[in-house]
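S.K.: Sharing my_file-v6.pdb, PDB, C-alpha atoms:
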ATOM      1  CA  MET A  28     -15.581  17.469   6.863
ATOM      2  CA  SER A  29     -12.079  17.769   5.499
ATOM      3  CA  LEU A  30      -8.512  17.166   6.551
ATOM      4  CA  SER A  31      -6.123  20.096   6.040
ATOM      5  CA  LYS A  32      -4.104  17.836   3.733
ATOM      6  CA  LEU A  33      -4.203  14.231   2.584
ATOM      7  CA  PRO A  34      -1.665  11.441   3.140
ATOM      8  CA  PHE A  35      -1.947  10.603  -0.569
ATOM      9  CA  GLU A  36      -2.191  12.442  -3.876
ATOM     10  CA  ASN A  37      -5.363  14.370  -4.660
ATOM     11  CA  ILE A  38      -8.068  12.321  -6.354
ATOM     12  CA  THR A  39      -8.295  13.312 -10.028
ATOM     13  CA  GLU A  40     -11.250  12.978 -12.362
ATOM     14  CA  ASP A  41      -9.317  10.299 -14.240
ATOM     15  CA  VAL A  42      -9.042   8.232 -11.059
ATOM     16  CA  VAL A  43     -12.751   8.638 -10.336
ATOM     17  CA  GLU A  44     -13.591   7.541 -13.865
ATOM     18  CA  LEU A  45     -11.271   4.536 -13.541
ATOM     19  CA  VAL A  46     -12.822   3.464 -10.221
ATOM     20  CA  TYR A  47     -16.369   3.740 -11.598
ATOM     21  CA  LYS A  48     -15.304   1.688 -14.588
ATOM     22  CA  GLU A  49     -13.685  -1.003 -12.426
ATOM     23  CA  LEU A  50     -16.794  -1.224 -10.230
ATOM     24  CA  ARG A  51     -19.115  -1.029 -13.252
ATOM     25  CA  ILE A  52     -21.052   1.868 -11.784
ATOM     26  CA  GLU A  53     -22.250   4.802 -13.852
ATOM     27  CA  VAL A  54     -22.491   8.297 -12.403
ATOM     28  CA  GLU A  55     -26.257   8.334 -12.898
ATOM     29  CA  LYS A  56     -26.678   5.079 -10.970
ATOM     30  CA  LEU A  57     -24.482   6.338  -8.125
ATOM     31  CA  GLU A  58     -26.432   9.593  -7.820
ATOM     32  CA  ASN A  59     -29.760   7.751  -7.909
ATOM     33  CA  SER A  60     -28.577   5.327  -5.217
ATOM     34  CA  LEU A  61     -27.372   8.277  -3.128
ATOM     35  CA  LYS A  62     -30.782   9.901  -3.363
ATOM     36  CA  LEU A  63     -32.527   6.679  -2.273
ATOM     37  CA  VAL A  64     -30.189   6.186   0.698
ATOM     38  CA  LYS A  65     -30.710   9.780   1.847
ATOM     39  CA  GLU A  66     -34.486   9.333   1.635
ATOM     40  CA  TRP A  67     -34.221   6.110   3.646
ATOM     41  CA  LEU A  68     -32.186   7.833   6.380
ATOM     42  CA  LYS A  69     -34.928  10.455   6.769
ATOM     43  CA  CYS A  70     -37.440   7.681   7.430
ATOM     44  CA  GLU A  71     -35.374   5.953  10.135
ATOM     45  CA  SER A  72     -35.911   7.681  13.500
ATOM     46  CA  HIS A  73     -32.801   6.140  15.065
ATOM     47  CA  LEU A  74     -30.412   7.162  12.279
ATOM     48  CA  PRO A  75     -28.986  10.628  11.523
ATOM     49  CA  ASN A  76     -29.899  12.139   8.151
ATOM     50  CA  ASP A  77     -26.898  14.446   7.873
ATOM     51  CA  VAL A  78     -24.331  11.726   7.107
ATOM     52  CA  ASP A  79     -21.267  12.906   5.173
ATOM     53  CA  GLU A  80     -21.900  12.552   1.431
ATOM     54  CA  VAL A  81     -18.447  11.175   0.595
ATOM     55  CA  LEU A  82     -18.955   8.512   3.248
ATOM     56  CA  LEU A  83     -22.347   7.621   1.772
ATOM     57  CA  LYS A  84     -20.873   7.364  -1.715
ATOM     58  CA  ASN A  85     -18.139   5.039  -0.475
ATOM     59  CA  PHE A  86     -20.752   2.791   1.102
ATOM     60  CA  ILE A  87     -22.602   2.722  -2.210
ATOM     61  CA  LEU A  88     -19.417   2.036  -4.170
ATOM     62  CA  GLY A  89     -18.423  -0.642  -1.672
ATOM     63  CA  SER A  90     -21.763  -2.318  -2.320
ATOM     64  CA  LYS A  91     -21.415  -1.860  -6.099
ATOM     65  CA  GLY A  92     -24.526   0.270  -6.212
ATOM     66  CA  ASN A  93     -26.771  -2.210  -4.389
ATOM     67  CA  VAL A  94     -29.000   0.069  -2.285
ATOM     68  CA  GLU A  95     -30.273  -2.612   0.112
ATOM     69  CA  ARG A  96     -26.763  -3.835   0.854
ATOM     70  CA  THR A  97     -25.655  -0.216   1.327
ATOM     71  CA  LYS A  98     -28.433   0.406   3.849
ATOM     72  CA  GLU A  99     -27.605  -2.747   5.809
ATOM     73  CA  LYS A 100     -23.873  -1.986   6.003
ATOM     74  CA  LEU A 101     -24.417   1.691   6.824
ATOM     75  CA  GLU A 102     -26.825   0.896   9.642
ATOM     76  CA  LYS A 103     -24.398  -1.631  11.140
ATOM     77  CA  TYR A 104     -21.580   0.902  10.819
ATOM     78  CA  ILE A 105     -23.569   3.575  12.667
ATOM     79  CA  ILE A 106     -24.457   1.098  15.413
ATOM     80  CA  ALA A 107     -20.782   0.151  15.686
ATOM     81  CA  LYS A 108     -19.735   3.803  15.903
ATOM     82  CA  THR A 109     -22.202   4.295  18.726
ATOM     83  CA  LYS A 110     -21.409   1.166  20.732
ATOM     84  CA  MET A 111     -17.703   0.550  20.223
ATOM     85  CA  ALA A 112     -15.373   2.472  22.517
ATOM     86  CA  ILE A 113     -12.668   2.528  19.813
ATOM     87  CA  PHE A 114     -14.750   5.182  18.021
ATOM     88  CA  SER A 115     -14.764   7.568  20.989
ATOM     89  CA  ASP A 116     -12.183  10.078  22.212
ATOM     90  CA  ARG A 117     -10.314   9.927  18.891
ATOM     91  CA  ILE A 118      -8.118  13.007  19.225
ATOM     92  CA  ILE A 119      -4.467  11.898  19.078
ATOM     93  CA  LYS A 120      -2.783  11.944  22.500
ATOM     94  CA  ASP A 121       1.001  11.809  22.544
ATOM     95  CA  LYS A 122       1.011   9.715  25.726
ATOM     96  CA  ASP A 123      -0.751   6.883  23.886
ATOM     97  CA  PHE A 124       2.140   6.696  21.426
ATOM     98  CA  ALA A 125       5.075   7.463  23.699
ATOM     99  CA  LEU A 126       5.889   4.010  25.078
ATOM    100  CA  TYR A 127       4.971   1.918  22.030
ATOM    101  CA  PRO A 128       5.310   3.485  18.535
ATOM    102  CA  ILE A 129       1.896   2.731  17.056
ATOM    103  CA  GLN A 130       2.425   5.689  14.726
ATOM    104  CA  LYS A 131       4.970   3.585  12.818
ATOM    105  CA  CYS A 132       2.490   0.799  12.113
ATOM    106  CA  ILE A 133       0.339   2.027   9.221
ATOM    107  CA  TYR A 134       1.275   3.144   5.710
ATOM    108  CA  ILE A 135      -1.178   4.163   2.951
ATOM    109  CA  SER A 136       0.150   4.223  -0.615
ATOM    110  CA  PRO A 137       0.337   7.758  -2.047
ATOM    111  CA  LYS A 138      -0.820   6.584  -5.485
ATOM    112  CA  HIS A 139      -3.343   4.150  -6.954
ATOM    113  CA  THR A 140      -2.369   1.040  -8.828
ATOM    114  CA  ALA A 141      -3.170   0.880 -12.551
ATOM    115  CA  ASP A 142      -6.564  -0.670 -11.806
ATOM    116  CA  GLY A 143      -7.633   1.940  -9.245
ATOM    117  CA  ASN A 144      -6.687   0.123  -6.057
ATOM    118  CA  ARG A 145      -4.675   1.356  -3.100
ATOM    119  CA  ILE A 146      -2.280  -0.409  -0.704
ATOM    120  CA  PHE A 147      -2.851  -0.359   3.063
ATOM    121  CA  LEU A 148       0.290  -1.722   4.738
ATOM    122  CA  CYS A 149       0.513  -2.587   8.428
ATOM    123  CA  LYS A 150       3.739  -3.465  10.197
ATOM    124  CA  ILE A 151       3.784  -4.226  13.901
ATOM    125  CA  SER A 152       6.809  -2.555  15.431
ATOM    126  CA  SER A 153       9.613  -4.785  16.727
ATOM    127  CA  HIS A 154       9.789  -2.434  19.713
ATOM    128  CA  ASP A 155       9.628  -3.984  23.193
ATOM    129  CA  PRO A 156       5.983  -5.208  23.421
ATOM    130  CA  THR A 157       5.787  -4.542  27.176
ATOM    131  CA  HIS A 158       3.792  -1.363  26.564
ATOM    132  CA  PHE A 159       1.785  -2.586  23.564
ATOM    133  CA  ASN A 160      -1.865  -1.644  23.998
ATOM    134  CA  HIS A 161      -4.291  -3.578  21.795
ATOM    135  CA  PHE A 162      -7.149  -1.142  22.388
ATOM    136  CA  VAL A 163      -5.121   1.966  21.458
ATOM    137  CA  THR A 164      -3.658   0.192  18.409
ATOM    138  CA  THR A 165      -7.097  -0.875  17.138
ATOM    139  CA  LYS A 166      -8.439   2.609  17.781
ATOM    140  CA  TYR A 167      -5.693   4.147  15.629
ATOM    141  CA  TYR A 168      -6.117   1.473  12.924
ATOM    142  CA  CYS A 169      -9.835   2.302  12.619
ATOM    143  CA  LEU A 170      -9.108   6.031  12.584
ATOM    144  CA  CYS A 171      -6.789   5.467   9.605
ATOM    145  CA  LEU A 172      -9.458   3.427   7.817
ATOM    146  CA  ASP A 173     -11.880   6.320   8.279
ATOM    147  CA  VAL A 174      -9.420   8.580   6.456
ATOM    148  CA  LEU A 175     -10.049   6.352   3.434
ATOM    149  CA  LEU A 176     -13.817   6.310   3.913
ATOM    150  CA  TYR A 177     -14.070  10.100   4.162
ATOM    151  CA  HIS A 178     -11.390  11.176   1.682
ATOM    152  CA  ASP A 179     -10.474   8.426  -0.750
ATOM    153  CA  ILE A 180     -12.093   6.765  -3.700
ATOM    154  CA  SER A 181     -10.651   3.442  -4.783
ATOM    155  CA  ALA A 182     -11.893   0.330  -6.524
ATOM    156  CA  GLY A 183     -10.468  -1.660  -3.625
ATOM    157  CA  TYR A 184      -7.597  -2.110  -1.216
ATOM    158  CA  HIS A 185      -4.730  -4.532  -0.968
ATOM    159  CA  PHE A 186      -4.071  -5.151   2.724
ATOM    160  CA  VAL A 187      -0.433  -6.084   3.362
ATOM    161  CA  TYR A 188       0.528  -7.251   6.849
ATOM    162  CA  ASP A 189       4.201  -7.517   7.772
ATOM    163  CA  ALA A 190       4.280  -9.929  10.708
ATOM    164  CA  SER A 191       8.001  -9.647  11.439
ATOM    165  CA  GLY A 192       7.376  -7.808  14.711
ATOM    166  CA  LEU A 193       4.517 -10.002  15.873
ATOM    167  CA  THR A 194       5.754 -12.272  18.666
ATOM    168  CA  PRO A 195       4.053 -14.737  21.042
ATOM    169  CA  THR A 196       4.616 -12.166  23.816
ATOM    170  CA  LEU A 197       2.718  -9.503  21.919
ATOM    171  CA  LEU A 198       0.057 -12.027  20.927
ATOM    172  CA  SER A 199      -0.607 -12.728  24.606
ATOM    173  CA  LYS A 200      -1.558  -9.069  25.080
ATOM    174  CA  LEU A 201      -4.420  -9.154  22.566
ATOM    175  CA  ASN A 202      -8.014  -9.037  23.783
ATOM    176  CA  LEU A 203     -10.079 -11.802  22.182
ATOM    177  CA  ARG A 204     -13.358  -9.889  22.259
ATOM    178  CA  LEU A 205     -11.783  -6.788  20.725
ATOM    179  CA  LEU A 206     -10.123  -8.877  18.014
ATOM    180  CA  LYS A 207     -13.429 -10.568  17.253
ATOM    181  CA  ASP A 208     -15.397  -7.304  17.059
ATOM    182  CA  SER A 209     -12.767  -5.451  15.037
ATOM    183  CA  SER A 210     -12.522  -8.374  12.596
ATOM    184  CA  GLU A 211     -16.289  -8.335  12.159
ATOM    185  CA  LEU A 212     -16.152  -4.579  11.656
ATOM    186  CA  VAL A 213     -13.450  -4.621   8.958
ATOM    187  CA  TYR A 214     -14.552  -7.735   7.072
ATOM    188  CA  ASN A 215     -18.349  -7.481   7.251
ATOM    189  CA  VAL A 216     -19.414  -3.946   8.142
ATOM    190  CA  SER A 217     -16.946  -1.552   6.520
ATOM    191  CA  PRO A 218     -17.651  -0.724   2.861
ATOM    192  CA  ILE A 219     -13.932  -1.033   2.076
ATOM    193  CA  ARG A 220     -13.520  -3.605  -0.678
ATOM    194  CA  ILE A 221     -10.621  -5.874   0.227
ATOM    195  CA  LYS A 222      -9.001  -7.078  -2.987
ATOM    196  CA  SER A 223      -6.384  -9.157  -1.193
ATOM    197  CA  ILE A 224      -4.761  -9.853   2.158
ATOM    198  CA  GLN A 225      -1.059 -10.569   1.851
ATOM    199  CA  ILE A 226       1.143 -11.687   4.698
ATOM    200  CA  VAL A 227       4.839 -10.839   4.605
ATOM    201  CA  ASN A 228       7.231 -12.550   7.059
ATOM    202  CA  ASN A 229       4.503 -14.904   8.247
ATOM    203  CA  SER A 230       4.690 -16.473  11.701
ATOM    204  CA  ALA A 231       2.739 -18.801  13.964
ATOM    205  CA  ALA A 232       1.475 -15.761  15.884
ATOM    206  CA  MET A 233       0.158 -14.140  12.701
ATOM    207  CA  SER A 234      -1.454 -17.414  11.603
ATOM    208  CA  THR A 235      -3.320 -17.508  14.915
ATOM    209  CA  ILE A 236      -4.701 -14.012  14.375
ATOM    210  CA  MET A 237      -5.682 -14.749  10.772
ATOM    211  CA  ASN A 238      -7.437 -17.959  11.808
ATOM    212  CA  ILE A 239      -9.643 -15.895  14.103
ATOM    213  CA  GLY A 240     -10.203 -13.313  11.380
ATOM    214  CA  LYS A 241     -11.255 -16.046   8.954
ATOM    215  CA  LEU A 242     -14.223 -16.822  11.191
ATOM    216  CA  PHE A 243     -15.767 -13.582   9.940
ATOM    217  CA  MET A 244     -14.690 -13.760   6.310
ATOM    218  CA  SER A 245     -16.603 -14.986   3.307
ATOM    219  CA  GLU A 246     -15.124 -17.887   1.387
ATOM    220  CA  LYS A 247     -14.348 -15.435  -1.397
ATOM    221  CA  LEU A 248     -12.269 -13.253   0.917
ATOM    222  CA  LYS A 249     -10.509 -16.251   2.463
ATOM    223  CA  SER A 250      -9.374 -17.249  -1.022
ATOM    224  CA  ARG A 251      -7.686 -13.855  -1.363
ATOM    225  CA  ILE A 252      -5.279 -14.460   1.523
ATOM    226  CA  SER A 253      -1.724 -15.359   0.572
ATOM    227  CA  THR A 254       1.752 -15.474   2.049
ATOM    228  CA  ILE A 255       4.336 -13.608  -0.004
ATOM    229  CA  THR A 256       7.888 -12.274   0.245
ATOM    230  CA  VAL A 257       9.045  -8.664   0.308
ATOM    231  CA  GLU A 258      10.495  -9.212  -3.165
ATOM    232  CA  ASP A 259       7.077 -10.295  -4.450
ATOM    233  CA  LEU A 260       5.539  -6.928  -3.590
ATOM    234  CA  SER A 261       7.613  -4.926  -6.061
ATOM    235  CA  LYS A 262       6.702  -7.430  -8.768
ATOM    236  CA  MET A 263       2.989  -7.161  -8.011
ATOM    237  CA  TYR A 264       2.564  -3.415  -7.499
ATOM    238  CA  PRO A 265       3.985  -0.186  -8.943
ATOM    239  CA  LYS A 266       7.119   0.873  -7.087
ATOM    240  CA  SER A 267       5.562   4.299  -6.539
ATOM    241  CA  CYS A 268       2.956   2.609  -4.312
ATOM    242  CA  LEU A 269       5.478   1.018  -1.950
ATOM    243  CA  PRO A 270       7.911   2.182   0.770
ATOM    244  CA  LEU A 271      11.641   1.863   0.132
ATOM    245  CA  GLU A 272      12.075  -1.228   2.330
ATOM    246  CA  TYR A 273       9.483  -3.085   0.273
ATOM    247  CA  GLY A 274      11.108  -2.448  -3.095
ATOM    248  CA  GLY A 275       9.337   0.839  -3.710
ATOM    249  CA  THR A 276      10.333   4.389  -4.547
ATOM    250  CA  ASP A 277       8.227   6.186  -1.950
ATOM    251  CA  VAL A 278       9.741   7.249   1.396
ATOM    252  CA  ASN A 279      10.692   4.575   3.948
ATOM    253  CA  ILE A 280       7.837   3.096   5.928
ATOM    254  CA  ASP A 281       8.580   5.072   9.115
ATOM    255  CA  ASN A 282       8.353   8.374   7.233
ATOM    256  CA  GLY A 283       5.296   7.221   5.291
ATOM    257  CA  ALA A 284       3.552   6.243   8.518
ATOM    258  CA  LYS A 285       4.667   9.503  10.147
ATOM    259  CA  ARG A 286       3.157  11.418   7.199
ATOM    260  CA  LEU A 287      -0.256   9.979   8.081
ATOM    261  CA  PHE A 288       0.212  10.301  11.849
ATOM    262  CA  GLU A 289       1.181  13.989  11.719
ATOM    263  CA  ILE A 290      -1.868  14.829   9.604
ATOM    264  CA  LEU A 291      -4.174  13.151  12.127
ATOM    265  CA  ARG A 292      -2.313  14.711  15.040
ATOM    266  CA  GLU A 293      -2.773  18.202  13.585
ATOM    267  CA  ASN A 294      -6.439  17.763  12.601
ATOM    268  CA  LYS A 295      -8.059  17.497  16.026
ATOM    269  CA  ASP A 296     -11.443  18.776  14.827
ATOM    270  CA  TRP A 297     -11.533  16.161  12.060
ATOM    271  CA  CYS A 298     -10.701  13.363  14.509
ATOM    272  CA  LEU A 299     -13.494  14.548  16.786
ATOM    273  CA  LYS A 300     -15.994  14.821  13.930
ATOM    274  CA  SER A 301     -15.027  11.359  12.653
ATOM    275  CA  GLU A 302     -16.581   9.847  15.783
ATOM    276  CA  GLU A 303     -19.859  10.314  13.907
ATOM    277  CA  PRO A 304     -22.292   9.252  12.540
ATOM    278  CA  LYS A 305     -23.946   7.843  15.642
ATOM    279  CA  LEU A 306     -27.443   6.746  16.568
ATOM    280  CA  ILE A 307     -29.816   9.574  17.439
ATOM    281  CA  GLY A 308     -32.508   7.361  18.934
ATOM    282  CA  PRO A 309     -33.181   3.842  20.232
ATOM    283  CA  ILE A 310     -32.834   0.961  17.807
ATOM    284  CA  PRO A 311     -36.298  -0.349  16.789
ATOM    285  CA  GLU A 312     -37.245  -3.653  18.417
ATOM    286  CA  ASP A 313     -37.184  -5.507  15.098
ATOM    287  CA  LYS A 314     -33.578  -4.421  14.539
ATOM    288  CA  LYS A 315     -32.063  -4.908  17.975
ATOM    289  CA  ASN A 316     -30.404  -8.163  16.989
ATOM    290  CA  LEU A 317     -29.047  -6.723  13.758
ATOM    291  CA  TYR A 318     -25.596  -6.331  15.201
ATOM    292  CA  SER A 319     -23.995  -6.323  18.617
ATOM    293  CA  PHE A 320     -20.905  -4.437  19.709
ATOM    294  CA  ASP A 321     -21.606  -4.764  23.373
ATOM    295  CA  ASP A 322     -19.302  -4.687  26.364
ATOM    296  CA  LEU A 323     -15.666  -4.772  25.275
ATOM    297  CA  SER A 324     -14.409  -5.406  28.800
ATOM    298  CA  MET A 325     -14.401  -9.173  28.336
ATOM    299  CA  GLU A 326     -11.254 -10.531  29.961
ATOM    300  CA  GLY A 327     -10.085 -12.636  27.072
ATOM    301  CA  SER A 328      -6.531 -12.977  25.871
ATOM    302  CA  PHE A 329      -4.139 -15.350  24.171
ATOM    303  CA  ARG A 330      -2.155 -16.071  27.333
ATOM    304  CA  LYS A 331      -3.237 -19.706  27.408
ATOM    305  CA  LEU A 332      -2.706 -20.344  23.734
ATOM    306  CA  ASN A 333       0.150 -22.576  22.655
ATOM    307  CA  VAL A 334       1.988 -20.661  19.947
ATOM    308  CA  ASP A 335       5.219 -22.150  18.668
TER     309      ASP A 335
END
Starting from the coordinates I provided, produce the structure as structure tokens.

M.R.:
Amino acid sequence: MSLSKLPFENITEDVVELVYKELRIEVEKLENSLKLVKEWLKCESHLPNDVDEVLLKNFILGSKGNVERTKEKLEKYIIAKTKMAIFSDRIIKDKDFALYPIQKCIYISPKHTADGNRIFLCKISSHDPTHFNHFVTTKYYCLCLDVLLYHDISAGYHFVYDASGLTPTLLSKLNLRLLKDSSELVYNVSPIRIKSIQIVNNSAAMSTIMNIGKLFMSEKLKSRISTITVEDLSKMYPKSCLPLEYGGTDVNIDNGAKRLFEILRENKDWCLKSEEPKLIGPIPEDKKNLYSFDDLSMEGSFRKLNVD
């Protein structure tokens, strides 16, 4: 499945070669791993065997060619796509974005860094948080991540979170169960290789969220979290990979985020197709405890938390 256009430059053969080199994976090994994963899918009655090939390759790359790790992550991902409501009804609806501008929250760098990585920047809007909807925001966040899984190839991603718009009021509107499940999804299930997590304009509210996220991170990933300044970004990354407000030469963040939003808004069929892959049969008894994205209606929030 393909988007009509991409929110970043087309992937060249040079980029592919660079990514393979950075991940120390040869083309022959990747193709062999792909063949083994496809054969495995055919043997699993609960899993579809027509999974998008680009998606499969990104799972393999994310596991550095380890077939068993690829199979484990892919199976968990398919279970998540089946059980989590954030993967359903993905077509963009203007009403979901009318009262709180979620479409201004996510920016994907148009170019790779010199070592084949890409920047995924999230900035919570400073808009009145009265109409902030955690479920809709997480749903859009995961849709944007799937753009990378289905259309990008990168050695890894630098996640940059600008917490300037994150207030205690907005924090109180977050659902604990949804935050827990989405953290587990991003940090342990997704094949996206997180090279770093950098916090700009840190706050007590952001620290609270990251402390919950850390519960699902490996020690290696925890060590990649840092607090930096806006000025630091332009020293760390090529200016062509950053929005204007962050010392870059790309468009401003609102226009960069709009670039991505408009593509998703126009590609309804892609959004619908991206709800897959899903389970096609019951999970075998010996795998039922593999992962659990159960009821997301848990009434948990941060309302009782003391955030300075």

S.K.: Using the chain letters and residue numbers of this document, give as a ChimeraX atom specification the residues selected by the PyMOL selection byres ((chain A and resi 85-97) around 9).

M.R.: /A:47,50-52,56-57,60-61,63-64,80-84,98-102,176-177,179-183,217-220

S.K.: For the structure shown, which residues end up in the PyMOL selection byres ((chain A and resi 225-228) around 6)? Put them as an MDAnalysis selection string, please?

M.R.: chainID A and resid 187:191 224 229 252:256

S.K.: Once the PyMOL selection byres ((chain A and resi 282) around 12) is applied to the coordinates I shared, what remains selected? I want it as a ChimeraX atom specification.

M.R.: /A:34,130-135,270-272,277-281,283-289

S.K.: Which polymer residues have any atom within 12 Å of an atom of Lys120 in chain A, counting only C-alpha atoms, with same-chain residues fewer than 5 positions away left out, as a ChimeraX atom specification?

M.R.: /A:125,129-130,163,166-167,288-289,291-293,295,298

S.K.: Pick from A:Lys315, A:Lys241, A:Lys138, A:Lys200: nearest to Gly275 in chain A, with all atoms listed in the file counted?

M.R.: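 Ranked by minimum distance to Gly275 in chain A, first place goes to A:Lys138.
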
S.K.: Work out how far CA of Val78 in chain A is from CA of Ile310 in chain A, in Å to one decimal.

M.R.: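 Taking CA of Ile310 in chain A as the start and CA of Val78 in chain A as the end point, the length is 17.4 Å.
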
S.K.: So, counting all atoms listed in the file, which residue among A:Gly240, A:Pro75, A:Gly143, A:Pro265 is closest to Gly308 in chain A?

M.R.: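 Nearest to Gly308 in chain A: A:Pro75.
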